[in-house]
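Contents: one structure, followed by commentary.
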Number of protein chains: 2
Amino acid sequence: MRKSKFVSIYHDLSEKILKKKIDAGALLPTENELCAQYHASRETIRKALAMLSRNGYIQKVQGKGSIVLDVSRQNFPISGLTSFRELAAHSKRQWTTDVHQVVLLNPDEHLKMMMNLQEGQTVWQVVRSRSTEGESVILDRDYLIQEVVPMLTADQCAHSLYDYIENELGLKIGFAKKEITVESANEEDYRYLTMHEGTHVVVVRSLVYLENAQLFQYTESRHRADKFRFVDFARRDHM
Amino acid sequence: MRKSKFVSIYHDLSEKILKKKIDAGALLPTENELCAQYHASRETIRKALAMLSRNGYIQKVQGKGSIVLDVSRQNFPISGLTSFRELAAHSKRQWTTDVHQVVLLNPDEHLKMMMNLQEGQTVWQVVRSRSTEGESVILDRDYLIQEVVPMLTADQCAHSLYDYIENELGLKIGFAKKEITVESANEEDYRYLTMHEGTHVVVVRSLVYLENAQLFQYTESRHRADKFRFVDFARRDHM
DNA sequence: CAGTGGTCTAGACCACCTG
DNA sequence: AGGTGGTCTAGACCACTGA
């Protein structure tokens, strides 16, 4: 079995919710009913439900049931995402990517510290901009450790870096630490982005790690402020 | 038992990691060892570990163990929380709150739609600003449904709305949907915030729901752009 | 190969909500 | 009181890592 059972159940239920086969505000079948429907034990069902809950599909209420939440009202959370391609796939806009630079370089002190690099490690630097409706609104600057990604071409960067990394190289992304701030636009922003009014950009800095906890990428993603939007679903752990 | 066993184990381990009793990069004891240490079954241990993993404390690697992550490098994620008080508690700065307005009002059409209000429902409007180092940098505008929060005084707003709601009223916050954008400052921003250079503010709009999935609050939090910072830990579900 | 984490099960008991 | 979800258990088998 490629996927685990509880993930299949999660997908089945999340799809039913997205396609409105179950209305928002209604209750999911009880856990025991789901056990019967999916021929699974209760703990397995509960893993699927926990995942739905984490991702904003349902709210569990003890003694009552699992309430289906309204997944349409706000555009749906694109948190937990790491790649631009995935983000673009969720949006209705048409996006194009321009690759400005793909070079191998010796990291400076700042980058060495930031990425915790060993002496002698080299990194790929990739600079790309993303355009929609004729305007360039995102400037991405990626640094990838060459030991992990030995070779890189402009073609791969134009298509999807992550597609290449996950499908061609067989590496698996584990997690990312991100920081969002607002900063003054620099000369490169003016060069590569379509900046009319406004002198500030939203900067998303990410450290991306593989599944084995190895850091392999640092990215600085600079967004024209008026085109930036971040949506999040946050659950409260009171414990 | 007030707390569940797996949550206690989670707290015990997360504290050990925060206090560096276990080094970053090292492995946690194996699941079987933890079973023995905490007199718990393996599934219970695994719930605690899953929680540590979700919150960025560890990375689990099959066949190997649970690697402790570096929790100090980046300031720690302030995602998943909803209240300003908690945020302030994590920061080293000294904050003060000014309450500018606490009034009961009949919602206009926009608010009715936004909050999905029934005919005749009234809401509290609270306007507060937050200052640090002599500068006012955050302007919060909250709307709370009066059916849920019958009475509200300026005193309670100056202290902590959430403290009052959770501890006095006994309500429990469940989850929130948030959206972050950058917008032009309006006249109120100029009135209540210390705006020197810069004409834009970061706007965080949140819909906050109780544990029973009932919406009870809408908040617009406006941040002076140069003081805004959002840190996130994002795990990838590849399934 | 032994040892690790990943998944699944069946059954038990508790806490909460609703009639 | 009956049904719901919340927690915990003991045991089984699988998939991956490393020596």
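Just so we're on the same page: first chain in the structure tokens is A, next is B, and so on; residues restart at 1 for each chain, and ligands are numbered from 1 in the order they show up.
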At a cut-off of 9 Å, list the chain B residues touching chain C, using only C-alpha atoms (C1' of nucleotides), as a PDB file with C-alpha atoms, in the first residue's frame.
```
ATOM      1  CA  THR B  30      13.655   5.622  21.426  1.00  0.00           C
ATOM      2  CA  GLU B  31       9.910   5.232  21.625  1.00  0.00           C
ATOM      3  CA  LYS B  60      11.171  12.010  13.159  1.00  0.00           C
ATOM      4  CA  VAL B  61      13.180   9.800  10.828  1.00  0.00           C
ATOM      5  CA  GLN B  62      12.028   6.270  10.225  1.00  0.00           C
ATOM      6  CA  GLY B  63      14.521   3.621  11.202  1.00  0.00           C
ATOM      7  CA  LYS B  64      16.652   6.162  12.975  1.00  0.00           C
ATOM      8  CA  GLY B  65      14.928   8.126  15.695  1.00  0.00           C
ATOM      9  CA  SER B  66      13.646  11.552  16.637  1.00  0.00           C
TER      10      SER B  66
END
```
In stretch 146-226 of chain B, DSSP alpha helix (DSSP H) residues written as number ranges by chain: B: 154-159, 161-163, 187-192
Write down, as a PyMOL selection string, each residue of chain D that has any atom within 10 Å of an atom of chain A, counting only C-alpha atoms (C1' of nucleotides). chain D and resi 3-6
Could you list, as a PyMOL selection string, every residue of chain B that has an atom within 6 Å of an atom of chain A, counting only C-alpha atoms? chain B and resi 80+174-182+225+229-236
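When atom CA of A:Arg42 is paired with atom CA of B:Leu171, their separation reads 29.0 Å.
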Set the distance at 6 Å and use only C-alpha atoms (C1' of nucleotides): which residues neighbour A:Arg222 once local chain neighbours fewer than 2 positions away are removed? I'd like the list as a PDB file with C-alpha atoms, in the first residue's frame.
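The result, written out as selection_20.pdb:
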```
ATOM      1  CA  ILE A 138       7.555  38.441  -6.903  1.00  0.00           C
ATOM      2  CA  LEU A 139      11.337  38.198  -6.857  1.00  0.00           C
ATOM      3  CA  VAL A 202       7.105  42.053   1.766  1.00  0.00           C
ATOM      4  CA  VAL A 203      10.051  39.748   2.391  1.00  0.00           C
TER       5      VAL A 203
END
```
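Ranking A:Ala40, A:Leu169, A:Ala154, A:Ala26 by their shortest atom-to-atom distance to A:Asp70, with only C-alpha atoms included, puts A:Ala26 first.
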